[in-house]
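Here is the structure we will look at, set down as structure tokens.
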Amino acid sequence: MTEKEIVQGCIKEDRHCQQELFVRYAGKMLAVCMRYTRHRMEAEDILQDAFVKVFDNIHKFQFKGSFEGWIRRIVINTALKNYSKKSFQQEQIGLENQPEHSTEPESYKNLEYEEILRLINRLPEGYRVVFNLYAIEGYSHKEIADMLGIQESTSRSQLVKARKMLQGMIVKIQKIAV
Amino acid sequence: MNRHHPLDEAFRGRLQGLTTETPMHLWEQIDQKRNWKHRFLNQVRQYRPFATVLASVVATGVALLLWNNQQPALTAFPVLTTPHQPQIALRSTGSTEAIEQHKAIESSAFENTSRNAAVHSSQPTLQTQNVRTFSTVARAIAEQSVGTALNSPLQPVASAALDHSKKEALRLTSTSKSGDGSIRVRPKPAQETALPALAAVYEQEQEPILPKLFNPEPKCAQFGNGNWDLYVDVMVSPDLAFSDLQARNPNFEDYAKSRRETESFVFAYSGGIRLSLEAESGLAFRTGINYSQVNEKFTYFNGTERREITEPVRDNQGNIIGYDTIVTVGERYKVSRNTYRMLDIPFIVGYEMDMGKFGLSVNGGAYLNLLFRQNGDFLSPETLTPTPLNPEDPNSISVFKRQAGVGYYGSIALTYATKSGLEILIEPHFKMFPNSVTQDQYAVQQRHMNAGVFVGVRKHL
């Protein structure tokens, strides 16, 4: 079944097409959700909400651009909405005085994706969201500022702090491994 | 923009395109969420502009229909300034000239009637006055109709009617001239007596030709068909809401105090539709449907919030070699908007006092709560941290009851009748639910009270 057939079937509320769409994209989208949450359960909740939105609004897809990109955008927006509900801001405290960690770029290549996910999940919420949007999804600071309702400078500083914290965690792992 | 930071590149390379195994129960849950009701609402949302226009058109149509069918206000009995006009005869004969002549006859008869009625108004008894007036009217009709009939070529229908009028008038004249004092004609007011004379003639002579000539006047006021009047009230109110929190036992006093400190009233409103059945004696029974919503602000602040994350630490082969615990201490500040929604059926008894254009009523009764729903956060009694009022987990026990029970209602209503037939309604009121809306096992009893001023309109049905 082609992507177009699936989309057209979903517009007609064809249950088989909807299931096919879910099977095809759920794995990738769950991985996206897991980057924005600490727990898998929370990620699954976001995925459910996002797919409900996808099915509700699939008639709006104009077949211009990537369908996967369209779904990913919905998933990210749903995750951001979930993030904005929390307003947990305490994690920024006490990170200003952390020492700089120097890490060799080569050391990043040894990290497995589970380890990378775990490191990202250990970031405070604000850092994690900005890091995900900038480093992984490729949004600009201006776009991030618009999406999160923050200043561009805040986005930049959060990214810098996120990187600093990740580098520190990687150094710690390497020390334990050695 | 630094897109080439080695950390970003490494993370993006590993994570982009990553796929995770997804359990199929997620699909089943999505399928359940998107049930027929959800899909229907989604369809409605898609066609919202059309639905809005359609609803507006339907609402306008219903409003116009109601407006056209409404009962006119009875300010005066609608006596016509001219007698009945034989419009059907116009259609039957096709001669406008003949009808115009006939109208002239009737008009002059009416003028004579009025004049004579005024002249004889000083007569000693009503009986005598009526007889004389009636005789005068009949004579006038006879004289003028004879004269007109001779001078103009009337159409057959009009001629027949006039002939009969003449005979009838002469007969009545002779009756009155007999002077025996016995009155065989039922006394009527002058105008009312004069006018039906011709009508009776038409009914007798022209019934097959003019079947519906003397239908009831459509603008004639309809008199009440009983002792009860039905009204509909549509009203909204800004409210003040009071929430009374009491600990079930002394152990929970501190918790109750913490809840009082973290929750504050913001605004509330209510609105509803009510039917009122009012007796002539002033007694009124009212019922309908009422929606009310209370909005509160939940504010939580903890300057020493601790959060712990424990993660396994692995070696290069993936073996767990230890556990890493990250403890974060910081401030936590959370603000939520809490809403309490109620849907009630009022059962109210009132007493109406009529004061001309104004009306005053005193009302009291019960509100039967159908639905009681909450949204937002409150302090958990176990952890004293923000917890959803209604947890998403269906297995967890909600602290609130599904219905708030029966509440008391009291009000004083003032109405003002406008020229459009609507009455403006202002009703200061209070509503109180005496029973706690929380479950028995929950630490705190919570009672709700509302007070406000309904503003709305009342329409006589």
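Letters A, B, ... go to the chains of the structure tokens in the order shown; residues in each chain start at 1; ligands are counted from 1 in the same order.
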
For this session: Please provide as a PyMOL selection string all residues within 8 Å of Val362 (chain B), with the sequence filter that same-chain residues fewer than 4 positions apart are discarded (counting only C-alpha atoms).
Result: chain B and resi 350-352+410-413

Any chance you can output those residues with N, CA and C atoms as a tab-separated table (two decimals), in the first residue's frame?
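What ended up in again.tsv:
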chain	number	residue	atom	x	y	z
B	350	GLY	N	-42.42	29.97	43.93
B	350	GLY	CA	-42.30	31.41	44.11
B	350	GLY	C	-43.65	32.06	44.28
B	351	TYR	N	-43.62	33.32	44.67
B	351	TYR	CA	-44.85	34.10	44.77
B	351	TYR	C	-44.64	35.41	44.01
B	352	GLU	N	-45.53	35.64	43.03
B	352	GLU	CA	-45.39	36.80	42.15
B	352	GLU	C	-46.31	37.93	42.61
B	410	GLY	N	-32.46	30.31	46.94
B	410	GLY	CA	-33.36	31.39	47.33
B	410	GLY	C	-33.09	32.62	46.48
B	411	SER	N	-34.14	33.36	46.14
B	411	SER	CA	-33.91	34.54	45.31
B	411	SER	C	-35.06	35.53	45.43
B	412	ILE	N	-34.78	36.74	45.04
B	412	ILE	CA	-35.82	37.77	44.86
B	412	ILE	C	-35.67	38.26	43.43
B	413	ALA	N	-36.78	38.22	42.69
B	413	ALA	CA	-36.68	38.59	41.27
B	413	ALA	C	-37.51	39.83	40.98

Determine, for each residue of chain B having at least one atom at most 6 Å from an atom of chain A, the closest pair of atoms and their separation in Å to one decimal, counting only C-alpha atoms; order by chain and ascending number, as JSON lines.
{"residue": "B:Pro6", "atom": "CA", "partner": "A:Pro105", "partner_atom": "CA", "distance": 5.9}
{"residue": "B:Asp8", "atom": "CA", "partner": "A:Ala135", "partner_atom": "CA", "distance": 5.0}
{"residue": "B:Arg12", "atom": "CA", "partner": "A:Ile136", "partner_atom": "CA", "distance": 4.7}
{"residue": "B:Arg14", "atom": "CA", "partner": "A:Tyr113", "partner_atom": "CA", "distance": 5.8}
{"residue": "B:Leu18", "atom": "CA", "partner": "A:Lys28", "partner_atom": "CA", "distance": 5.9}
{"residue": "B:Thr19", "atom": "CA", "partner": "A:Lys28", "partner_atom": "CA", "distance": 4.3}
{"residue": "B:Thr20", "atom": "CA", "partner": "A:Gly27", "partner_atom": "CA", "distance": 4.6}
{"residue": "B:Glu21", "atom": "CA", "partner": "A:Gly27", "partner_atom": "CA", "distance": 5.6}
{"residue": "B:Thr22", "atom": "CA", "partner": "A:Gly27", "partner_atom": "CA", "distance": 5.5}
{"residue": "B:Ile30", "atom": "CA", "partner": "A:Gln48", "partner_atom": "CA", "distance": 5.8}
{"residue": "B:Asp315", "atom": "CA", "partner": "A:Ala177", "partner_atom": "CA", "distance": 5.2}
{"residue": "B:Gly330", "atom": "CA", "partner": "A:Gln90", "partner_atom": "CA", "distance": 4.6}
{"residue": "B:Glu331", "atom": "CA", "partner": "A:Gln90", "partner_atom": "CA", "distance": 4.8}
{"residue": "B:Arg332", "atom": "CA", "partner": "A:Gln90", "partner_atom": "CA", "distance": 5.4}

Save the residues we just selected, N, CA and C atoms, as an mmCIF file, in the first residue's frame?
data_model
loop_
_atom_site.group_PDB
_atom_site.id
_atom_site.type_symbol
_atom_site.label_atom_id
_atom_site.label_comp_id
_atom_site.auth_asym_id
_atom_site.auth_seq_id
_atom_site.Cartn_x
_atom_site.Cartn_y
_atom_site.Cartn_z
ATOM 1 N N PRO B 6 30.423 19.028 17.654
ATOM 2 C CA PRO B 6 30.582 17.564 17.566
ATOM 3 C C PRO B 6 29.573 16.789 18.407
ATOM 4 N N ASP B 8 26.462 17.717 19.058
ATOM 5 C CA ASP B 8 25.178 17.725 18.335
ATOM 6 C C ASP B 8 25.204 16.711 17.196
ATOM 7 N N ARG B 12 22.771 13.575 16.934
ATOM 8 C CA ARG B 12 21.818 13.555 15.832
ATOM 9 C C ARG B 12 22.007 12.300 14.978
ATOM 10 N N ARG B 14 23.080 9.455 15.847
ATOM 11 C CA ARG B 14 22.624 8.235 16.516
ATOM 12 C C ARG B 14 21.100 8.178 16.660
ATOM 13 N N LEU B 18 15.924 6.742 14.490
ATOM 14 C CA LEU B 18 15.846 5.642 15.458
ATOM 15 C C LEU B 18 14.405 5.126 15.565
ATOM 16 N N THR B 19 14.263 3.831 15.622
ATOM 17 C CA THR B 19 12.939 3.224 15.742
ATOM 18 C C THR B 19 12.892 2.394 17.017
ATOM 19 N N THR B 20 11.784 2.526 17.711
ATOM 20 C CA THR B 20 11.594 1.762 18.952
ATOM 21 C C THR B 20 10.412 0.824 18.771
ATOM 22 N N GLU B 21 10.523 -0.304 19.375
ATOM 23 C CA GLU B 21 9.415 -1.260 19.286
ATOM 24 C C GLU B 21 8.179 -0.679 19.981
ATOM 25 N N THR B 22 7.058 -0.745 19.272
ATOM 26 C CA THR B 22 5.831 -0.140 19.808
ATOM 27 C C THR B 22 4.804 -1.224 20.102
ATOM 28 N N ILE B 30 -5.729 3.924 20.916
ATOM 29 C CA ILE B 30 -6.030 5.042 19.999
ATOM 30 C C ILE B 30 -7.376 4.795 19.330
ATOM 31 N N ASP B 315 29.394 -0.727 32.010
ATOM 32 C CA ASP B 315 30.735 -0.688 31.414
ATOM 33 C C ASP B 315 30.608 -0.773 29.895
ATOM 34 N N GLY B 330 15.834 22.260 44.461
ATOM 35 C CA GLY B 330 15.552 23.569 43.888
ATOM 36 C C GLY B 330 14.173 24.052 44.279
ATOM 37 N N GLU B 331 13.757 25.112 43.619
ATOM 38 C CA GLU B 331 12.437 25.673 43.902
ATOM 39 C C GLU B 331 11.419 25.089 42.934
ATOM 40 N N ARG B 332 10.244 24.860 43.439
ATOM 41 C CA ARG B 332 9.167 24.432 42.554
ATOM 42 C C ARG B 332 7.988 25.386 42.728
#

Problem set entry | Residue neighbourhood Asp14 (chain A), 12 Å, only C-alpha atoms, exclusion window fewer than 6 positions, as a ChimeraX atom specification | /A:5-8,20-21,55 /B:31

Problem set entry | Residues flagged alpha helix (DSSP H) by DSSP in region 20-78 of chain A, as a VMD selection string | chain A and resid 20 to 36 40 to 57 67 to 78

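With CA of Arg259 (chain B) on one side and CA of Asn82 (chain A) on the other, the separation reads 25.6 Å.
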
Problem set entry | Separation of CA of Asn35 (chain B) from CA of Thr339 (chain B) in Å | 26.2 Å

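Residues in contact range of Glu278 (chain B), defined as at most 6 Å between only C-alpha atoms, with sequence neighbours fewer than 4 positions away removed, read Trp228, Asp229, Leu283 and Ala284 of chain B.
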
Exercise. So how far away is CA of Ala79 (chain A) from CA of Cys10 (chain A), in Å?
Worked result: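 Computing it gives 22.9 Å between the two atoms.
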
Exercise. Could you pull out the strand (DSSP E or B) residues of region 229-429 of chain B from DSSP and send them as a PyMOL selection string?
Worked result: chain B and resi 229-247+263-279+283-314+320-355+358-375+377-379+386-388+400+406-417+422-429

For this session: Please identify all polymer residues within 12 Å of Lys81 (chain A), counting only C-alpha atoms, omitting same-chain residues fewer than 6 positions from it, and present them as a list in words.
Result: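 Listed by chain and then number, they are Cys33, Tyr36, Thr37, Ile46, Asp49, Ala50, Ile74, Val75, Ser87, Val129, Met147, Leu148 and Gly149 of chain A.
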